[in-house]
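Colleague: Have a look at the structure that comes next, please.
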Amino acid sequence: MLTLQCPYCGVWAEETELHAEGEAHLKRFGPDSDDADFESYLFMRENPKGVHFERWRHASGCGKFFHAARSTTTLEVFGTYSAQTMEPPQDIKDKITAKYPGWSWREFS
Amino acid sequence: MSKAVSALDGVTFDGFAKVEETGLRGMITVRGDLASKEMAAAVKAATGAEMPVQRKITSGDKGAVAWMSPDELLVVVDYDAANATVATLTDALKDSHALVANVSDARAVFRLSGDSRRDVLAKLAPVDFSKYAFGAGDIRRSRIAQVSAAVWGNDDGSFEVICFRSVAQYVFDVLQVSAQPGGEVGFH
């Protein structure tokens with residue numbers, strides 16, 4: 001069972017109280033963008049073995065969206081953080097580097 | 001105006017803990033900047049209560065105020081006082097970016113009392129209901145079986161559960177099953 005701490009209400013919420021909302025840090029391409037960008041935004045997703053960044057929603061709780069960094073192989077959670085950010089906070093990146101030196105995920109490493 | 005009735009008309013169940021629908025209750029959703037002094041003043045004027053901190057519920061002479069999320073409060077007052085409280089809050093927040101809505105008729109409230117009330121809830125929600133983690137003045141939004149609900153602890157030790165009116169029967173049924181004699185857990 002995955003347990004994540006909601007950064008907004010501080011609750012250690014287990015999986016059934018949350019809703020998975022797909023990949024974190026997607027860059028959106030809307031009207032007037034070119035077809036290749038739009039296609040990659042719409043369909044191309046990371047499917048890593050190891051470090052992954054996801055968006056979750058505390059659906060049965062405060063209702064807020066937040067981001068989580070975890071490993072898909074060990075289910076270790078490196079941390080959760082606000083969804084109002086363009087990249088993962090440095091302390092979470094440091095934690096990942098300690099466990100997975102040389103990791104990379106999209107443009108982050 | 002038509003006569004207001006609560007969702008299950010005060011139904012009760014006596015199991016190893018007591019489950020009762022509390023009847024009509026005034027509930028007002030307030031959204032806005034909880035850190036602002038206008039909000040604190042509005043809440044004080046409407047209920048007499050202080051601004052609650054994260055996952056807490058505070059009470060005053062006219063009602064209670066629950067922390068629902070970083071930008072949302074639930075103001076609980078008498079049913080008949082709800083519209084007047086909405087007016088007070090709306091007036092106090094007229095210069096702020098805020099929303100005040102009367103949701104009294106959209107909700108149902110249940111009260112759980114008895115020594116084993118914690119076990120009744122612990123069977124249904126993924127929440128630590130031990131006395132060290134949850135007590136009077138705490139509020140927790142979570143799920144009861146398959147639907148969203150919130151639970152808070154009253155000063156007299158009883159718990160109150162709020163859920164959407166549309167699922168009131170479901171929530172009462174699962175609370176009833178959970179509190180059935182023979183289903184005692186004796187954990188809490």
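Residues in the structure tokens are numbered from 1 in each chain, the chains being A, B, ... in the order shown, and ligands are numbered from 1 in the order shown.
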Mind listing as an MDAnalysis selection string which residues of chain B are within 8 Å of chain A, counting only C-alpha atoms?

Modeller: chainID B and resid 54:55 68:70 126 140:143 147:149

Colleague: Got a sec to tell me which of stretch 38-70 of chain B DSSP assigns to alpha helix (DSSP H), as a VMD selection string?

Modeller: chain B and resid 38 to 47

Colleague: Next, dump the selected residues to file, keeping only C-alpha atoms, as an mmCIF file, in the first residue's frame.

Modeller:
```
data_model
loop_
_atom_site.group_PDB
_atom_site.id
_atom_site.type_symbol
_atom_site.label_atom_id
_atom_site.label_comp_id
_atom_site.auth_asym_id
_atom_site.auth_seq_id
_atom_site.Cartn_x
_atom_site.Cartn_y
_atom_site.Cartn_z
ATOM 1 C CA GLU B 38 -10.543 39.993 7.144
ATOM 2 C CA MET B 39 -11.232 36.250 7.180
ATOM 3 C CA ALA B 40 -10.369 35.922 10.868
ATOM 4 C CA ALA B 41 -12.625 38.862 11.673
ATOM 5 C CA ALA B 42 -15.451 37.469 9.553
ATOM 6 C CA VAL B 43 -15.281 34.092 11.265
ATOM 7 C CA LYS B 44 -15.169 35.754 14.684
ATOM 8 C CA ALA B 45 -18.182 37.909 13.860
ATOM 9 C CA ALA B 46 -20.210 35.005 12.519
ATOM 10 C CA THR B 47 -19.514 32.383 15.182
#
```

Colleague: Taking 6 positions as the minimum chain separation for residues in the same chain, which residues sit within 12 Å of B:Ser113 when counting only C-alpha atoms? Answer as JSON, numbers by chain.

Modeller: {"B": [12, 13, 14, 15, 16, 17, 18, 19, 20, 21, 22, 119, 120, 121, 153, 154, 155, 156, 157, 158, 159, 160, 161, 175, 179]}

Colleague: Take the residues from that selection and put them in a file with C-alpha atoms, as a PDB file, in the first residue's frame.

Modeller:
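Everything below was put into result_9.pdb:
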```pdb
ATOM      1  CA  THR B  12     -30.918   6.203  15.193  1.00  0.00           C
ATOM      2  CA  PHE B  13     -29.260   2.848  15.761  1.00  0.00           C
ATOM      3  CA  ASP B  14     -28.104   1.383  19.061  1.00  0.00           C
ATOM      4  CA  GLY B  15     -25.338  -1.094  18.536  1.00  0.00           C
ATOM      5  CA  PHE B  16     -22.113  -1.393  20.482  1.00  0.00           C
ATOM      6  CA  ALA B  17     -21.925   2.301  19.791  1.00  0.00           C
ATOM      7  CA  LYS B  18     -24.777   4.670  19.126  1.00  0.00           C
ATOM      8  CA  VAL B  19     -25.320   6.093  15.644  1.00  0.00           C
ATOM      9  CA  GLU B  20     -27.815   8.890  15.188  1.00  0.00           C
ATOM     10  CA  GLU B  21     -28.640  11.351  12.507  1.00  0.00           C
ATOM     11  CA  THR B  22     -28.529  14.719  14.203  1.00  0.00           C
ATOM     12  CA  ASP B 119     -13.805   1.172  16.353  1.00  0.00           C
ATOM     13  CA  VAL B 120     -16.951   1.889  14.359  1.00  0.00           C
ATOM     14  CA  LEU B 121     -15.115   4.509  12.324  1.00  0.00           C
ATOM     15  CA  GLY B 153     -14.396  15.164  17.630  1.00  0.00           C
ATOM     16  CA  ASN B 154     -16.697  17.059  19.994  1.00  0.00           C
ATOM     17  CA  ASP B 155     -15.762  18.188  23.493  1.00  0.00           C
ATOM     18  CA  ASP B 156     -18.137  15.620  25.020  1.00  0.00           C
ATOM     19  CA  GLY B 157     -16.163  12.839  23.319  1.00  0.00           C
ATOM     20  CA  SER B 158     -18.694  12.052  20.625  1.00  0.00           C
ATOM     21  CA  PHE B 159     -17.782  12.138  16.955  1.00  0.00           C
ATOM     22  CA  GLU B 160     -19.753  13.786  14.217  1.00  0.00           C
ATOM     23  CA  VAL B 161     -19.645  12.609  10.640  1.00  0.00           C
ATOM     24  CA  LEU B 175     -22.157   2.865  10.188  1.00  0.00           C
ATOM     25  CA  ALA B 179     -21.718  -0.843  14.967  1.00  0.00           C
TER      26      ALA B 179
END
```

Colleague: Pick out the residues sitting within 6 Å of stretch 71-75 of chain B, and hand them over as a PyMOL selection string; count only C-alpha atoms, and ignore anything fewer than 2 positions along from it in its own chain.

Modeller: chain B and resi 27-34+64-69

Colleague: Filtering to all heavy atoms, could you give me those residues as a short mmCIF file (atom, residue, chain, number, x, y, z; two decimals), in the first residue's frame?

Modeller:
```cif
data_model
loop_
_atom_site.label_atom_id
_atom_site.label_comp_id
_atom_site.auth_asym_id
_atom_site.auth_seq_id
_atom_site.Cartn_x
_atom_site.Cartn_y
_atom_site.Cartn_z
N MET B 27 -24.84 24.68 7.62
CA MET B 27 -23.44 24.52 7.21
C MET B 27 -23.14 25.49 6.08
O MET B 27 -23.90 25.58 5.12
CB MET B 27 -23.17 23.09 6.78
CG MET B 27 -22.97 22.16 7.96
SD MET B 27 -22.63 20.50 7.46
CE MET B 27 -24.27 19.84 7.56
N ILE B 28 -22.03 26.19 6.23
CA ILE B 28 -21.68 27.21 5.25
C ILE B 28 -20.23 26.99 4.81
O ILE B 28 -19.33 26.90 5.63
CB ILE B 28 -21.84 28.62 5.86
CG1 ILE B 28 -23.31 28.85 6.22
CG2 ILE B 28 -21.34 29.69 4.90
CD1 ILE B 28 -23.51 29.74 7.38
N THR B 29 -20.06 26.87 3.51
CA THR B 29 -18.72 26.75 2.97
C THR B 29 -18.16 28.15 2.74
O THR B 29 -18.83 28.99 2.15
CB THR B 29 -18.75 25.97 1.63
OG1 THR B 29 -18.99 24.60 1.93
CG2 THR B 29 -17.44 26.09 0.89
N VAL B 30 -16.95 28.37 3.23
CA VAL B 30 -16.28 29.66 3.02
C VAL B 30 -14.94 29.37 2.36
O VAL B 30 -14.17 28.55 2.85
CB VAL B 30 -16.04 30.39 4.36
CG1 VAL B 30 -15.38 31.74 4.11
CG2 VAL B 30 -17.33 30.56 5.11
N ARG B 31 -14.68 30.02 1.25
CA ARG B 31 -13.37 29.87 0.62
C ARG B 31 -12.73 31.24 0.50
O ARG B 31 -13.41 32.24 0.29
CB ARG B 31 -13.49 29.22 -0.77
CG ARG B 31 -14.09 27.84 -0.69
CD ARG B 31 -13.80 27.06 -1.93
NE ARG B 31 -12.46 26.52 -1.86
CZ ARG B 31 -12.15 25.30 -2.33
NH1 ARG B 31 -13.04 24.54 -2.89
NH2 ARG B 31 -10.92 24.87 -2.24
N GLY B 32 -11.42 31.25 0.64
CA GLY B 32 -10.70 32.51 0.55
C GLY B 32 -9.36 32.35 1.21
O GLY B 32 -8.92 31.24 1.51
N ASP B 33 -8.71 33.47 1.45
CA ASP B 33 -7.39 33.46 2.07
C ASP B 33 -7.55 33.35 3.58
O ASP B 33 -7.93 34.30 4.25
CB ASP B 33 -6.64 34.74 1.69
CG ASP B 33 -5.25 34.80 2.32
OD1 ASP B 33 -4.85 33.80 2.95
OD2 ASP B 33 -4.59 35.84 2.18
N LEU B 34 -7.25 32.16 4.13
CA LEU B 34 -7.49 31.94 5.55
C LEU B 34 -6.53 32.72 6.44
O LEU B 34 -6.76 32.92 7.62
CB LEU B 34 -7.37 30.44 5.89
CG LEU B 34 -8.28 29.48 5.15
CD1 LEU B 34 -8.29 28.13 5.82
CD2 LEU B 34 -9.70 30.01 5.04
N ALA B 64 -19.43 26.61 15.13
CA ALA B 64 -18.08 26.06 15.04
C ALA B 64 -17.51 26.33 13.65
O ALA B 64 -18.24 26.55 12.69
CB ALA B 64 -18.11 24.57 15.31
N VAL B 65 -16.18 26.34 13.59
CA VAL B 65 -15.51 26.58 12.31
C VAL B 65 -14.48 25.48 12.10
O VAL B 65 -13.62 25.25 12.94
CB VAL B 65 -14.78 27.94 12.30
CG1 VAL B 65 -14.18 28.20 10.94
CG2 VAL B 65 -15.73 29.04 12.68
N ALA B 66 -14.58 24.79 10.97
CA ALA B 66 -13.68 23.68 10.69
C ALA B 66 -12.76 24.00 9.53
O ALA B 66 -13.17 24.61 8.54
CB ALA B 66 -14.49 22.43 10.37
N TRP B 67 -11.50 23.58 9.68
CA TRP B 67 -10.49 23.75 8.62
C TRP B 67 -10.70 22.63 7.61
O TRP B 67 -10.55 21.45 7.95
CB TRP B 67 -9.10 23.67 9.23
CG TRP B 67 -7.97 24.00 8.32
CD1 TRP B 67 -7.36 25.21 8.19
CD2 TRP B 67 -7.24 23.12 7.44
NE1 TRP B 67 -6.34 25.13 7.29
CE2 TRP B 67 -6.24 23.86 6.81
CE3 TRP B 67 -7.38 21.75 7.12
CZ2 TRP B 67 -5.36 23.31 5.88
CZ3 TRP B 67 -6.52 21.20 6.19
CH2 TRP B 67 -5.51 21.97 5.58
N MET B 68 -11.02 22.95 6.37
CA MET B 68 -11.31 21.90 5.38
C MET B 68 -10.18 21.71 4.39
O MET B 68 -9.95 20.63 3.88
CB MET B 68 -12.60 22.23 4.62
CG MET B 68 -13.82 22.32 5.51
SD MET B 68 -14.26 20.75 6.24
CE MET B 68 -15.40 20.12 5.01
N SER B 69 -9.50 22.77 4.05
CA SER B 69 -8.34 22.71 3.16
C SER B 69 -7.63 24.06 3.31
O SER B 69 -8.13 24.92 4.03
CB SER B 69 -8.78 22.43 1.71
OG SER B 69 -9.15 23.61 1.06
#
```

Colleague: Pick out the residues sitting within 7 Å of A:Ala68, and hand them over as a tab-separated table (two decimals) with all heavy atoms, in the first residue's frame; count only C-alpha atoms, and ignore anything fewer than 3 positions along from it in its own chain.

Modeller:
```tsv
chain	number	residue	atom	x	y	z
A	53	PHE	N	8.10	10.79	-11.38
A	53	PHE	CA	7.39	11.93	-10.78
A	53	PHE	C	5.94	11.86	-11.20
A	53	PHE	O	5.64	11.78	-12.38
A	53	PHE	CB	8.02	13.26	-11.23
A	53	PHE	CG	9.43	13.43	-10.73
A	53	PHE	CD1	10.49	12.91	-11.46
A	53	PHE	CD2	9.69	14.07	-9.53
A	53	PHE	CE1	11.79	13.05	-11.00
A	53	PHE	CE2	10.99	14.21	-9.07
A	53	PHE	CZ	12.05	13.70	-9.81
A	54	GLU	N	5.06	11.90	-10.23
A	54	GLU	CA	3.64	11.74	-10.51
A	54	GLU	C	2.82	12.86	-9.88
A	54	GLU	O	3.23	13.49	-8.94
A	54	GLU	CB	3.12	10.42	-9.91
A	54	GLU	CG	3.66	9.20	-10.60
A	54	GLU	CD	3.35	7.94	-9.81
A	54	GLU	OE1	3.38	8.01	-8.56
A	54	GLU	OE2	3.08	6.92	-10.44
A	55	ARG	N	1.63	13.02	-10.47
A	55	ARG	CA	0.68	13.97	-9.91
A	55	ARG	C	-0.40	13.17	-9.19
A	55	ARG	O	-0.87	12.16	-9.72
A	55	ARG	CB	0.05	14.75	-11.07
A	55	ARG	CG	-0.34	16.16	-10.77
A	55	ARG	CD	-0.41	16.94	-12.08
A	55	ARG	NE	-1.48	16.42	-12.93
A	55	ARG	CZ	-2.62	17.08	-13.17
A	55	ARG	NH1	-2.80	18.26	-12.64
A	55	ARG	NH2	-3.54	16.56	-13.93
A	79	GLY	N	9.42	11.93	-1.62
A	79	GLY	CA	8.79	13.11	-1.04
A	79	GLY	C	7.62	13.57	-1.87
A	79	GLY	O	7.44	13.15	-3.01
A	80	THR	N	6.81	14.43	-1.27
A	80	THR	CA	5.71	15.04	-2.00
A	80	THR	C	5.89	16.55	-1.93
A	80	THR	O	6.52	17.05	-1.00
A	80	THR	CB	4.35	14.67	-1.38
A	80	THR	OG1	4.38	15.01	0.00
A	80	THR	CG2	4.07	13.20	-1.53
A	81	TYR	N	5.39	17.26	-2.92
A	81	TYR	CA	5.57	18.70	-2.92
A	81	TYR	C	4.43	19.36	-3.69
A	81	TYR	O	3.64	18.70	-4.37
A	81	TYR	CB	6.94	19.07	-3.51
A	81	TYR	CG	7.24	18.45	-4.86
A	81	TYR	CD1	7.06	19.17	-6.04
A	81	TYR	CD2	7.71	17.15	-4.94
A	81	TYR	CE1	7.34	18.60	-7.25
A	81	TYR	CE2	7.99	16.57	-6.18
A	81	TYR	CZ	7.80	17.30	-7.33
A	81	TYR	OH	8.06	16.73	-8.54
```
